[in-house]
Amino acid sequence: MKKRFRRLMACLLAAAVGAGALTGCASGGTETSAPSETASASESAPASEPEGEDGGDVPLVYATNTLNQKFNPFYYTVLYDGEVTQVCLDTLLFVDRAGLMVYDGLGGETREYNGTEYTYEGLSSCTVDQGEDTTTYTFKLREGVKFADGEEMNADDVIFSLYVILDPNYTGIQTLYSEDIVGLNAYRTQTSDAAFAEYGAIFDGIAAGEGGYDQALVDSYNGLLQEAWTADLEALVDGNMTSYADYIEQYTGFTADAVTADEGLQIAFSMVLDETGSIADGVLTTAGGGSFDLAAGTVPSIGDYYDAVYAAFEGDAAAYYEAEGAGSETVLDAAKEAFILANGQDEAGEGVPNISGIQKIDDYTVSVTTNGFAASTIYKLAGVPIAPMHYYGDESLYDYENNQFGFPYGDLSKIEDNLEPMGTGPYVFDRYENKTVYFDANEYYWKGEPKTKQMQWRETAPDDMIAAIGTGAADVTAPASSVEAYDEIRSYNANGDVDGDTLTITPYELLGYGLLGINSSTVNVGGENGSEASINLRKGLATVLAVYRDIAISSYYGEGADVIEYSITSVSWAAPQPTDSGYSEAFSTDVDGNPIYTADMTDDERYAAALEAAKGYFLAAGYTWDEASGKFTAAPEGAKLSYELIIPGGGTGAHPDFMLAEYARDALASIGITLVINDPSDTNVLWNALDAGTQELWCMSWAQTADPDMYQLWHSSNTLGKPGSTGSNYACLEDPQLDELIMEGRSSSDTSFRKAVYQQCLDIIRDWAVEIPIFQRNELFLFSSERVNMDTVTPDITSFWDWMHDLEKLEMNG
């Protein structure tokens, strides 16, 4: 049983969703939450009473989730810690309400949203010069802006921030280091560009099994590869013990307590899980012939694990990573960077003092130059925090002209240890105590000192958030959206509505969507994923499943979600709109291309029409129909009469798609097709199937980012088993035209052009019938109508523009 710990990075993949929320993503980073003790509404102190009639003396109290107390703009890992830093620091650029980048923050850009024009201003303006071989991003900073301690912001602060997140030892949330910045690889590996290319090619050659290389280099390759594999295996062992503890006795014959207490048994357990070893009668036999009598206390070491892996994969590091890759950096990449660093530095040891693609033009201007052009670069640059160098770094170690950037190369300890955020944001962090963060208004804020002079952010249990606002313990919160949540909100208002005398909501669409996937490598005819017959098979299934989306989602979410028609969050600027040419309902035509539904059909008539259309698709796929029984009795070669749908409802059906699955199961059964619903209590059943590529149909949710790039999810290079693949193309959709369009969309910064390209991509994805878009979650912020002056809350809140924007204008009622 393969146990792969590859999980999608950079906010692309959210956990399979039941009633839980999608993972949120800020610009340039991944945020996750961790459980911790929280205060209930009854335990929270009431919101502070006004000290006078001026609403400015009344603190705003925000009921937030559990905080990890790592309030560092470079290193926070929990979403809610990130929000704390968000109100204290600004970033280089930002996106508007529609998720489109604002390039001219100095001059201000006026854009229409929902019928209203808004002017967006920021701390910088950016010009993009896209040349033939390189692209230069030039940032001009707003002059005269002060940090919260009164020191003026300038280009040195931006340079400092860039070098922090591009340092080779940086392990925080920013991923700008993945962009092809001129001179970045040379700086991170301390080699010249020529040496980087030369020794990178040597490494690749040795890895490919080519001969003729100096033995010293071969030895270096083998040693560094072993180090990288060993480090990865150690992480794998730790991960196995965390994620698969329930399987210990089943796969080892030892109790969980015994394995937990013995490092060698933990290694043996992992070897069994990844099939580099097997246990029989208490004896572990490894790939390569190793034998350990575990019952007698003879246990393997991490070195033995390495030997077994090496034997199992015949020394092929790339093959190893494809099977067992853990984390965002492959074993091969880690070893390659170490190889270049060890062998490619010049003998004089002078190294590379700076990143040549980053230039300080003047005291308020910085440029960043990349090789070629990538649409993702501007989004990652936008998320760079403008952190005061004098506060986070060491002023004595900053001298731009002499290649000193505020900290020792490779040593970010001082920066990481600073957990009290400070910057140019509207509020100043005061302290964290008793599960509460205290803020004061920033008197130097460049947009003007906030009207509300103090804020308190209190940790609150999720189930108590609505009550906290309703009973006066807090003034604003972000509860999970559900039928029950809306009912609870109505109970506090005299008018019985969600907007009333006590509570007011501001709903918005979440940046992500729910889906039902169909794996083209396991659901096809004759083993041909993209054949017409295979597509017809999948369209038959998809047509029946899609028709029940409305009833299922309205029953589960009520006002908390909407059905969507394309494989993209409706929040994205690239999402097709009902007014767009060619817009249509998903899986709403029959095998001949005719509409299945008419506008005057009842629900029951739609269900019957969908089933009849599905019958046509199955016939076209080669299924055998028996008129006497009114059912299909045989499947074409390579196809089946029965398929499994994995739906992670915790074993209790607690999933928005569960009703949909039950209706579809019954409908398909009436024509001889069996849909087996697998609702495991352990969601790892789904993850394991996805990682192994054995799933047939499954339900999950994607979290997405402001940039609608489709490469990681849909490019054929990311199909499981491809060299260098992320394994994230779970549908195994391999279409050359789609690949070409995805790359074309990445090559332009013109949003109109990219939207047109992505519309073609979405049409291809739909035509392959490998994903049924199900729902768009709607979330909400909840305010106290009594204590918050709702006229001063930023209007038209979206996933990209939340209540924390325009905070300087927000007022409390006096």
# chains A, B, ... in the order shown; residues from 1 in each chain; ligands from 1
>>> residues_around(residues="stretch 396-405 of chain A", least_positions_apart="3", cutoff="10 Å", atoms="only C-alpha atoms", output="compact mmCIF listing (two decimals) with N, CA, C and O atoms, in the first residue's frame")
# COMPACT_ATOMS: atom_id res chain seq x y z
N ASP A 156 14.88 50.75 0.79
CA ASP A 156 15.70 49.78 1.55
C ASP A 156 14.82 48.76 2.26
O ASP A 156 15.22 47.59 2.42
N ASP A 157 13.64 49.17 2.68
CA ASP A 157 12.73 48.24 3.35
C ASP A 157 12.22 47.18 2.38
O ASP A 157 12.06 46.02 2.74
N ILE A 159 13.88 46.22 -0.39
CA ILE A 159 15.05 45.38 -0.68
C ILE A 159 15.25 44.36 0.43
O ILE A 159 15.46 43.16 0.18
N PHE A 160 15.18 44.81 1.65
CA PHE A 160 15.31 43.92 2.80
C PHE A 160 14.27 42.80 2.75
O PHE A 160 14.61 41.61 2.89
N SER A 161 13.01 43.16 2.53
CA SER A 161 11.94 42.16 2.50
C SER A 161 12.15 41.15 1.39
O SER A 161 11.93 39.95 1.58
N LEU A 162 12.58 41.62 0.23
CA LEU A 162 12.83 40.71 -0.89
C LEU A 162 13.94 39.72 -0.56
O LEU A 162 13.83 38.52 -0.83
N TYR A 163 15.02 40.22 0.03
CA TYR A 163 16.14 39.32 0.34
C TYR A 163 15.79 38.33 1.44
O TYR A 163 16.33 37.21 1.46
N VAL A 164 14.90 38.70 2.34
CA VAL A 164 14.47 37.75 3.36
C VAL A 164 13.79 36.55 2.72
O VAL A 164 14.15 35.39 2.97
N VAL A 352 28.50 34.66 -4.75
CA VAL A 352 27.66 35.62 -5.46
C VAL A 352 27.06 36.55 -4.41
O VAL A 352 26.26 36.13 -3.57
N PRO A 353 27.42 37.83 -4.42
CA PRO A 353 27.05 38.72 -3.32
C PRO A 353 25.63 39.23 -3.34
O PRO A 353 25.13 39.72 -2.34
N ASN A 354 24.95 39.15 -4.50
CA ASN A 354 23.61 39.72 -4.58
C ASN A 354 22.80 39.04 -5.68
O ASN A 354 23.31 38.21 -6.43
N ILE A 355 21.52 39.40 -5.74
CA ILE A 355 20.63 38.92 -6.80
C ILE A 355 20.63 39.98 -7.88
O ILE A 355 20.08 41.08 -7.70
N GLN A 359 17.24 45.47 -8.29
CA GLN A 359 18.01 46.71 -8.33
C GLN A 359 17.30 47.83 -7.57
O GLN A 359 16.10 48.02 -7.69
N LYS A 360 18.07 48.54 -6.76
CA LYS A 360 17.58 49.76 -6.12
C LYS A 360 17.88 50.91 -7.07
O LYS A 360 19.04 51.27 -7.28
N MET A 389 12.93 47.45 7.78
CA MET A 389 14.21 46.79 7.97
C MET A 389 14.78 47.08 9.35
O MET A 389 15.35 46.19 10.00
N HIS A 390 14.62 48.30 9.84
CA HIS A 390 15.21 48.67 11.13
C HIS A 390 14.53 47.94 12.29
O HIS A 390 15.09 47.83 13.38
N GLY A 393 15.07 43.62 10.90
CA GLY A 393 16.45 43.26 10.60
C GLY A 393 17.44 43.94 11.53
O GLY A 393 17.12 44.30 12.67
N PRO A 408 22.58 38.42 8.29
CA PRO A 408 23.63 37.58 7.72
C PRO A 408 23.03 36.61 6.70
O PRO A 408 21.95 36.05 6.93
N TYR A 409 23.73 36.42 5.60
CA TYR A 409 23.26 35.48 4.59
C TYR A 409 23.00 34.12 5.22
O TYR A 409 23.84 33.57 5.93
>>> residues_around(residues="A:Val544", least_positions_apart="3", cutoff="8 Å", atoms="only C-alpha atoms", output="ChimeraX atom specification")
/A:540-541,547-548,607,610-611,614,664,667-668
>>> residues_around(residues="A:Thr276", least_positions_apart="4", cutoff="9 Å", atoms="only C-alpha atoms", output="number ranges by chain")
A: 270-272, 285-288, 305, 308-309, 311-312
>>> select_by_dssp(residues="stretch 227-283 of chain A", states="strand (DSSP E or B)", output="PyMOL selection string")
chain A and resi 277-280+283
>>> write_last_selection(atoms="N, CA, C and O atoms", output="PDB file, in the first residue's frame")
ATOM      1  N   GLY A 277       9.414  -3.009   2.179  1.00  0.00           N
ATOM      2  CA  GLY A 277       9.633  -4.084   3.135  1.00  0.00           C
ATOM      3  C   GLY A 277       8.323  -4.782   3.452  1.00  0.00           C
ATOM      4  O   GLY A 277       7.247  -4.235   3.206  1.00  0.00           O
ATOM      5  N   SER A 278       8.421  -5.984   3.997  1.00  0.00           N
ATOM      6  CA  SER A 278       7.224  -6.723   4.393  1.00  0.00           C
ATOM      7  C   SER A 278       7.510  -7.473   5.686  1.00  0.00           C
ATOM      8  O   SER A 278       8.659  -7.875   5.948  1.00  0.00           O
ATOM      9  N   ILE A 279       6.488  -7.656   6.498  1.00  0.00           N
ATOM     10  CA  ILE A 279       6.647  -8.320   7.789  1.00  0.00           C
ATOM     11  C   ILE A 279       5.853  -9.616   7.792  1.00  0.00           C
ATOM     12  O   ILE A 279       4.665  -9.637   7.444  1.00  0.00           O
ATOM     13  N   ALA A 280       6.517 -10.701   8.174  1.00  0.00           N
ATOM     14  CA  ALA A 280       5.860 -11.989   8.342  1.00  0.00           C
ATOM     15  C   ALA A 280       6.446 -12.663   9.570  1.00  0.00           C
ATOM     16  O   ALA A 280       7.678 -12.788   9.698  1.00  0.00           O
ATOM     17  N   VAL A 283       9.261 -10.884  11.366  1.00  0.00           N
ATOM     18  CA  VAL A 283      10.518 -10.645  10.659  1.00  0.00           C
ATOM     19  C   VAL A 283      10.275  -9.689   9.500  1.00  0.00           C
ATOM     20  O   VAL A 283       9.388  -9.918   8.671  1.00  0.00           O
TER      21      VAL A 283
END
>>> residues_around(residues="A:Ile415", least_positions_apart="6", cutoff="9 Å", atoms="only C-alpha atoms", output="list in words")
Asn72, Phe74, Val164, Tyr391, Tyr392, Gly393 and Phe407 of chain A
>>> residues_around(residues="stretch 726-730 of chain A", least_positions_apart="6", cutoff="8 Å", atoms="only C-alpha atoms", output="CSV table (one decimal) with all heavy atoms, in the first residue's frame")
chain,number,residue,atom,x,y,z
A,6,ARG,N,2.5,13.5,-0.8
A,6,ARG,CA,2.4,14.7,-1.7
A,6,ARG,C,1.1,15.4,-1.5
A,6,ARG,O,0.0,14.8,-1.6
A,6,ARG,CB,2.6,14.3,-3.1
A,6,ARG,CG,2.6,15.4,-4.1
A,6,ARG,CD,2.5,14.9,-5.5
A,6,ARG,NE,3.6,14.1,-5.8
A,6,ARG,CZ,3.5,12.8,-6.1
A,6,ARG,NH1,2.4,12.2,-6.0
A,6,ARG,NH2,4.6,12.1,-6.4
A,8,LEU,N,-1.0,19.2,-2.4
A,8,LEU,CA,-0.8,20.4,-3.2
A,8,LEU,C,-0.4,21.6,-2.3
A,8,LEU,O,-0.9,21.8,-1.2
A,8,LEU,CB,-2.1,20.7,-3.9
A,8,LEU,CG,-2.4,19.7,-5.0
A,8,LEU,CD1,-3.5,20.3,-5.9
A,8,LEU,CD2,-1.2,19.5,-5.9
A,519,ASN,N,-12.2,10.1,-12.9
A,519,ASN,CA,-10.9,9.7,-13.3
A,519,ASN,C,-10.9,9.1,-14.7
A,519,ASN,O,-11.4,8.0,-14.9
A,519,ASN,CB,-10.3,8.8,-12.3
A,519,ASN,CG,-8.8,8.5,-12.6
A,519,ASN,OD1,-8.3,8.9,-13.6
A,519,ASN,ND2,-8.2,7.7,-11.7
A,690,LEU,N,-6.6,8.8,-4.3
A,690,LEU,CA,-6.2,9.9,-5.2
A,690,LEU,C,-4.7,9.8,-5.5
A,690,LEU,O,-4.2,10.0,-6.6
A,690,LEU,CB,-6.5,11.3,-4.7
A,690,LEU,CG,-8.0,11.6,-4.6
A,690,LEU,CD1,-8.2,12.9,-3.8
A,690,LEU,CD2,-8.6,11.8,-6.0
A,691,ASP,N,-3.9,9.6,-4.4
A,691,ASP,CA,-2.4,9.5,-4.6
A,691,ASP,C,-2.0,8.3,-5.4
A,691,ASP,O,-1.0,8.4,-6.1
A,691,ASP,CB,-1.8,9.5,-3.2
A,691,ASP,CG,-1.8,10.9,-2.6
A,691,ASP,OD1,-2.0,11.8,-3.3
A,691,ASP,OD2,-1.6,10.9,-1.3
A,693,GLY,N,-4.0,7.0,-7.7
A,693,GLY,CA,-4.7,7.1,-9.0
A,693,GLY,C,-5.7,6.0,-9.3
A,693,GLY,O,-6.0,5.7,-10.4
A,712,GLN,N,-1.3,23.8,-12.8
A,712,GLN,CA,-1.1,22.7,-11.8
A,712,GLN,C,-2.3,21.7,-11.7
A,712,GLN,O,-2.1,20.5,-11.5
A,712,GLN,CB,-0.9,23.3,-10.4
A,712,GLN,CG,-0.3,22.3,-9.4
A,712,GLN,CD,0.3,22.9,-8.2
A,712,GLN,OE1,0.2,24.1,-8.0
A,712,GLN,NE2,0.9,22.1,-7.4
A,713,LEU,N,-3.5,22.2,-12.0
A,713,LEU,CA,-4.6,21.3,-11.9
A,713,LEU,C,-4.9,20.5,-13.2
A,713,LEU,O,-5.4,19.4,-13.2
A,713,LEU,CB,-5.9,22.1,-11.6
A,713,LEU,CG,-5.9,22.8,-10.2
A,713,LEU,CD1,-7.2,23.5,-10.0
A,713,LEU,CD2,-5.5,21.9,-9.1
A,714,TRP,N,-4.6,21.1,-14.4
A,714,TRP,CA,-5.1,20.5,-15.6
A,714,TRP,C,-4.0,20.3,-16.7
A,714,TRP,O,-4.3,19.6,-17.7
A,714,TRP,CB,-6.1,21.5,-16.2
A,714,TRP,CG,-7.3,21.5,-15.3
A,714,TRP,CD1,-7.8,22.6,-14.6
A,714,TRP,CD2,-8.3,20.5,-15.1
A,714,TRP,NE1,-8.9,22.3,-13.9
A,714,TRP,CE2,-9.3,21.0,-14.2
A,714,TRP,CE3,-8.4,19.2,-15.5
A,714,TRP,CZ2,-10.3,20.3,-13.7
A,714,TRP,CZ3,-9.5,18.4,-15.0
A,714,TRP,CH2,-10.4,19.0,-14.2
A,715,HIS,N,-2.8,20.7,-16.5
A,715,HIS,CA,-1.8,20.4,-17.5
A,715,HIS,C,-1.4,18.9,-17.5
A,715,HIS,O,-1.2,18.4,-16.4
A,715,HIS,CB,-0.5,21.3,-17.3
A,715,HIS,CG,0.4,21.3,-18.5
A,715,HIS,ND1,1.3,20.4,-18.8
A,715,HIS,CD2,0.5,22.3,-19.5
A,715,HIS,CE1,1.9,20.7,-19.9
A,715,HIS,NE2,1.5,21.8,-20.4
A,716,SER,N,-1.2,18.3,-18.6
A,716,SER,CA,-1.0,16.9,-18.6
A,716,SER,C,0.3,16.5,-18.0
A,716,SER,O,0.5,15.4,-17.5
A,716,SER,CB,-1.0,16.4,-20.1
A,716,SER,OG,0.1,17.0,-20.8
A,718,ASN,N,1.2,17.2,-15.1
A,718,ASN,CA,1.0,17.0,-13.7
A,718,ASN,C,0.1,15.8,-13.5
A,718,ASN,O,-0.5,15.6,-12.4
A,718,ASN,CB,0.4,18.2,-13.1
A,718,ASN,CG,1.4,19.3,-12.9
A,718,ASN,OD1,2.5,19.0,-12.5
A,718,ASN,ND2,1.1,20.6,-13.1
A,719,THR,N,-0.1,15.0,-14.5
A,719,THR,CA,-0.7,13.7,-14.4
A,719,THR,C,0.1,12.7,-13.5
A,719,THR,O,1.4,12.7,-13.7
A,719,THR,CB,-1.0,13.0,-15.7
A,719,THR,OG1,-1.8,13.9,-16.5
A,719,THR,CG2,-1.8,11.7,-15.6
A,720,LEU,N,-0.5,12.0,-12.7
A,720,LEU,CA,0.3,11.1,-11.8
A,720,LEU,C,1.2,10.2,-12.6
A,720,LEU,O,0.8,9.6,-13.6
A,720,LEU,CB,-0.7,10.2,-11.0
A,720,LEU,CG,-0.1,9.3,-9.9
A,720,LEU,CD1,0.4,10.2,-8.8
A,720,LEU,CD2,-1.2,8.3,-9.4
>>> closest_residue(among="A:Ser356, A:Thr705, A:Arg549, A:Asn524", to="A:Glu662", atoms="only C-alpha atoms")
A:Arg549
>>> select_by_dssp(residues="stretch 634-762 of chain A", states="helix (DSSP H, G or I)", output="JSON, numbers by chain")
{"A": [658, 659, 660, 661, 662, 663, 664, 665, 666, 667, 668, 669, 684, 685, 686, 687, 688, 689, 690, 691, 692, 711, 712, 713, 714, 716, 717, 718, 736, 737, 738, 739, 740, 741, 742, 743, 744, 745, 746, 751, 752, 753, 754, 755, 756, 757, 758, 759, 760, 761, 762]}
>>> closest_residue(among="A:Phe139, A:Phe618, A:Tyr221, A:Tyr170", to="A:Tyr199", atoms="only C-alpha atoms")
A:Tyr221
>>> residues_around(residues="A:Gly108", least_positions_apart="6", cutoff="12 Å", atoms="only C-alpha atoms", output="ChimeraX atom specification")
/A:93,96,102,118-126,142
>>> write_last_selection(atoms="N, CA and C atoms", output="short mmCIF file (atom, residue, chain, number, x, y, z; two decimals), in the first residue's frame")
data_model
loop_
_atom_site.label_atom_id
_atom_site.label_comp_id
_atom_site.auth_asym_id
_atom_site.auth_seq_id
_atom_site.Cartn_x
_atom_site.Cartn_y
_atom_site.Cartn_z
N LEU A 93 1.67 45.47 -3.59
CA LEU A 93 0.48 45.74 -4.39
C LEU A 93 -0.70 45.01 -3.78
N ASP A 96 -8.17 44.33 -6.51
CA ASP A 96 -9.44 45.01 -6.24
C ASP A 96 -10.52 44.00 -5.87
N VAL A 102 -4.13 45.92 -8.90
CA VAL A 102 -4.09 47.38 -8.99
C VAL A 102 -2.63 47.77 -9.18
N TYR A 118 -15.23 52.56 -7.67
CA TYR A 118 -14.35 52.66 -6.52
C TYR A 118 -12.96 53.06 -6.99
N THR A 119 -12.31 53.93 -6.21
CA THR A 119 -10.93 54.33 -6.51
C THR A 119 -10.00 53.62 -5.54
N TYR A 120 -9.00 52.94 -6.10
CA TYR A 120 -8.06 52.16 -5.31
C TYR A 120 -6.70 52.85 -5.28
N GLU A 121 -6.20 53.10 -4.07
CA GLU A 121 -4.89 53.72 -3.90
C GLU A 121 -4.02 52.81 -3.03
N GLY A 122 -2.72 52.82 -3.29
CA GLY A 122 -1.82 51.96 -2.54
C GLY A 122 -0.49 52.61 -2.27
N LEU A 123 0.44 51.83 -1.74
CA LEU A 123 1.75 52.36 -1.37
C LEU A 123 2.74 52.38 -2.53
N SER A 124 2.37 51.80 -3.67
CA SER A 124 3.30 51.80 -4.79
C SER A 124 2.55 51.72 -6.11
N SER A 125 3.26 52.02 -7.16
CA SER A 125 2.80 51.78 -8.52
C SER A 125 3.82 50.88 -9.18
N CYS A 126 3.35 50.04 -10.09
CA CYS A 126 4.23 49.09 -10.76
C CYS A 126 4.07 49.19 -12.27
N ARG A 142 5.34 55.25 -2.56
CA ARG A 142 4.77 56.53 -2.12
C ARG A 142 5.74 57.18 -1.15
#
>>> residues_around(residues="A:Tyr251", least_positions_apart="3", cutoff="12 Å", atoms="only C-alpha atoms", output="NGL selection string")
:A and (1 or 244-248 or 254-256 or 259 or 265-266 or 268-275 or 277-282 or 284)
>>> closest_residue(among="A:Asp763, A:Asp497, A:Glu449, A:Glu771", to="A:Ala731", atoms="only C-alpha atoms")
A:Glu771
>>> closest_residue(among="A:Ala63, A:Ala387, A:Leu419, A:Ile568", to="A:Asp81", atoms="only C-alpha atoms")
A:Leu419
>>> decode(residues="stretch 570-590 of chain A", atoms="N, CA, C and O atoms", output="PDB file, in the first residue's frame")
ATOM      1  N   SER A 570     -16.627  30.920  -9.181  1.00  0.00           N
ATOM      2  CA  SER A 570     -17.335  32.034  -9.814  1.00  0.00           C
ATOM      3  C   SER A 570     -16.807  33.377  -9.335  1.00  0.00           C
ATOM      4  O   SER A 570     -17.137  34.413  -9.901  1.00  0.00           O
ATOM      5  N   VAL A 571     -15.959  33.352  -8.300  1.00  0.00           N
ATOM      6  CA  VAL A 571     -15.339  34.582  -7.808  1.00  0.00           C
ATOM      7  C   VAL A 571     -14.299  35.107  -8.799  1.00  0.00           C
ATOM      8  O   VAL A 571     -14.065  36.313  -8.897  1.00  0.00           O
ATOM      9  N   SER A 572     -13.690  34.218  -9.554  1.00  0.00           N
ATOM     10  CA  SER A 572     -12.581  34.600 -10.426  1.00  0.00           C
ATOM     11  C   SER A 572     -13.034  35.493 -11.570  1.00  0.00           C
ATOM     12  O   SER A 572     -14.113  35.304 -12.146  1.00  0.00           O
ATOM     13  N   TRP A 573     -12.168  36.446 -11.927  1.00  0.00           N
ATOM     14  CA  TRP A 573     -12.456  37.300 -13.071  1.00  0.00           C
ATOM     15  C   TRP A 573     -12.456  36.507 -14.373  1.00  0.00           C
ATOM     16  O   TRP A 573     -12.998  36.949 -15.388  1.00  0.00           O
ATOM     17  N   ALA A 574     -11.895  35.309 -14.358  1.00  0.00           N
ATOM     18  CA  ALA A 574     -11.860  34.474 -15.561  1.00  0.00           C
ATOM     19  C   ALA A 574     -13.090  33.576 -15.682  1.00  0.00           C
ATOM     20  O   ALA A 574     -13.240  32.880 -16.690  1.00  0.00           O
ATOM     21  N   ALA A 575     -13.958  33.575 -14.679  1.00  0.00           N
ATOM     22  CA  ALA A 575     -15.115  32.690 -14.703  1.00  0.00           C
ATOM     23  C   ALA A 575     -16.120  33.147 -15.757  1.00  0.00           C
ATOM     24  O   ALA A 575     -16.450  34.334 -15.841  1.00  0.00           O
ATOM     25  N   PRO A 576     -16.643  32.224 -16.567  1.00  0.00           N
ATOM     26  CA  PRO A 576     -17.695  32.579 -17.533  1.00  0.00           C
ATOM     27  C   PRO A 576     -18.924  33.132 -16.807  1.00  0.00           C
ATOM     28  O   PRO A 576     -19.284  32.651 -15.719  1.00  0.00           O
ATOM     29  N   GLN A 577     -19.565  34.113 -17.428  1.00  0.00           N
ATOM     30  CA  GLN A 577     -20.753  34.723 -16.861  1.00  0.00           C
ATOM     31  C   GLN A 577     -21.974  34.366 -17.713  1.00  0.00           C
ATOM     32  O   GLN A 577     -21.849  34.126 -18.915  1.00  0.00           O
ATOM     33  N   PRO A 578     -23.171  34.334 -17.107  1.00  0.00           N
ATOM     34  CA  PRO A 578     -24.380  33.989 -17.875  1.00  0.00           C
ATOM     35  C   PRO A 578     -24.593  34.861 -19.105  1.00  0.00           C
ATOM     36  O   PRO A 578     -25.234  34.426 -20.061  1.00  0.00           O
ATOM     37  N   THR A 579     -24.050  36.081 -19.078  1.00  0.00           N
ATOM     38  CA  THR A 579     -24.222  36.973 -20.221  1.00  0.00           C
ATOM     39  C   THR A 579     -23.184  36.738 -21.319  1.00  0.00           C
ATOM     40  O   THR A 579     -23.279  37.331 -22.396  1.00  0.00           O
ATOM     41  N   ASP A 580     -22.172  35.894 -21.051  1.00  0.00           N
ATOM     42  CA  ASP A 580     -21.128  35.629 -22.038  1.00  0.00           C
ATOM     43  C   ASP A 580     -21.655  34.741 -23.159  1.00  0.00           C
ATOM     44  O   ASP A 580     -22.496  33.855 -22.935  1.00  0.00           O
ATOM     45  N   SER A 581     -21.147  34.963 -24.344  1.00  0.00           N
ATOM     46  CA  SER A 581     -21.507  34.131 -25.486  1.00  0.00           C
ATOM     47  C   SER A 581     -21.076  32.685 -25.242  1.00  0.00           C
ATOM     48  O   SER A 581     -19.957  32.431 -24.811  1.00  0.00           O
ATOM     49  N   GLY A 582     -21.973  31.753 -25.474  1.00  0.00           N
ATOM     50  CA  GLY A 582     -21.649  30.344 -25.321  1.00  0.00           C
ATOM     51  C   GLY A 582     -21.847  29.788 -23.929  1.00  0.00           C
ATOM     52  O   GLY A 582     -21.645  28.584 -23.712  1.00  0.00           O
ATOM     53  N   TYR A 583     -22.232  30.635 -22.969  1.00  0.00           N
ATOM     54  CA  TYR A 583     -22.446  30.153 -21.605  1.00  0.00           C
ATOM     55  C   TYR A 583     -23.590  29.141 -21.597  1.00  0.00           C
ATOM     56  O   TYR A 583     -24.628  29.340 -22.240  1.00  0.00           O
ATOM     57  N   SER A 584     -23.415  28.028 -20.861  1.00  0.00           N
ATOM     58  CA  SER A 584     -24.464  27.012 -20.827  1.00  0.00           C
ATOM     59  C   SER A 584     -24.402  26.218 -19.537  1.00  0.00           C
ATOM     60  O   SER A 584     -23.389  26.207 -18.833  1.00  0.00           O
ATOM     61  N   GLU A 585     -25.490  25.543 -19.235  1.00  0.00           N
ATOM     62  CA  GLU A 585     -25.555  24.666 -18.070  1.00  0.00           C
ATOM     63  C   GLU A 585     -24.693  23.439 -18.310  1.00  0.00           C
ATOM     64  O   GLU A 585     -24.652  22.894 -19.412  1.00  0.00           O
ATOM     65  N   ALA A 586     -24.000  22.998 -17.283  1.00  0.00           N
ATOM     66  CA  ALA A 586     -23.123  21.834 -17.416  1.00  0.00           C
ATOM     67  C   ALA A 586     -23.927  20.571 -17.718  1.00  0.00           C
ATOM     68  O   ALA A 586     -24.957  20.317 -17.089  1.00  0.00           O
ATOM     69  N   PHE A 587     -23.480  19.810 -18.690  1.00  0.00           N
ATOM     70  CA  PHE A 587     -24.043  18.504 -19.042  1.00  0.00           C
ATOM     71  C   PHE A 587     -25.554  18.589 -19.282  1.00  0.00           C
ATOM     72  O   PHE A 587     -26.344  17.860 -18.676  1.00  0.00           O
ATOM     73  N   SER A 588     -25.896  19.514 -20.158  1.00  0.00           N
ATOM     74  CA  SER A 588     -27.313  19.761 -20.447  1.00  0.00           C
ATOM     75  C   SER A 588     -27.682  19.482 -21.902  1.00  0.00           C
ATOM     76  O   SER A 588     -28.728  19.919 -22.366  1.00  0.00           O
ATOM     77  N   THR A 589     -26.816  18.774 -22.630  1.00  0.00           N
ATOM     78  CA  THR A 589     -27.131  18.369 -24.002  1.00  0.00           C
ATOM     79  C   THR A 589     -27.001  16.859 -24.132  1.00  0.00           C
ATOM     80  O   THR A 589     -26.244  16.222 -23.397  1.00  0.00           O
ATOM     81  N   ASP A 590     -27.732  16.295 -25.112  1.00  0.00           N
ATOM     82  CA  ASP A 590     -27.679  14.850 -25.298  1.00  0.00           C
ATOM     83  C   ASP A 590     -26.546  14.463 -26.236  1.00  0.00           C
ATOM     84  O   ASP A 590     -25.758  15.321 -26.671  1.00  0.00           O
TER      85      ASP A 590
END
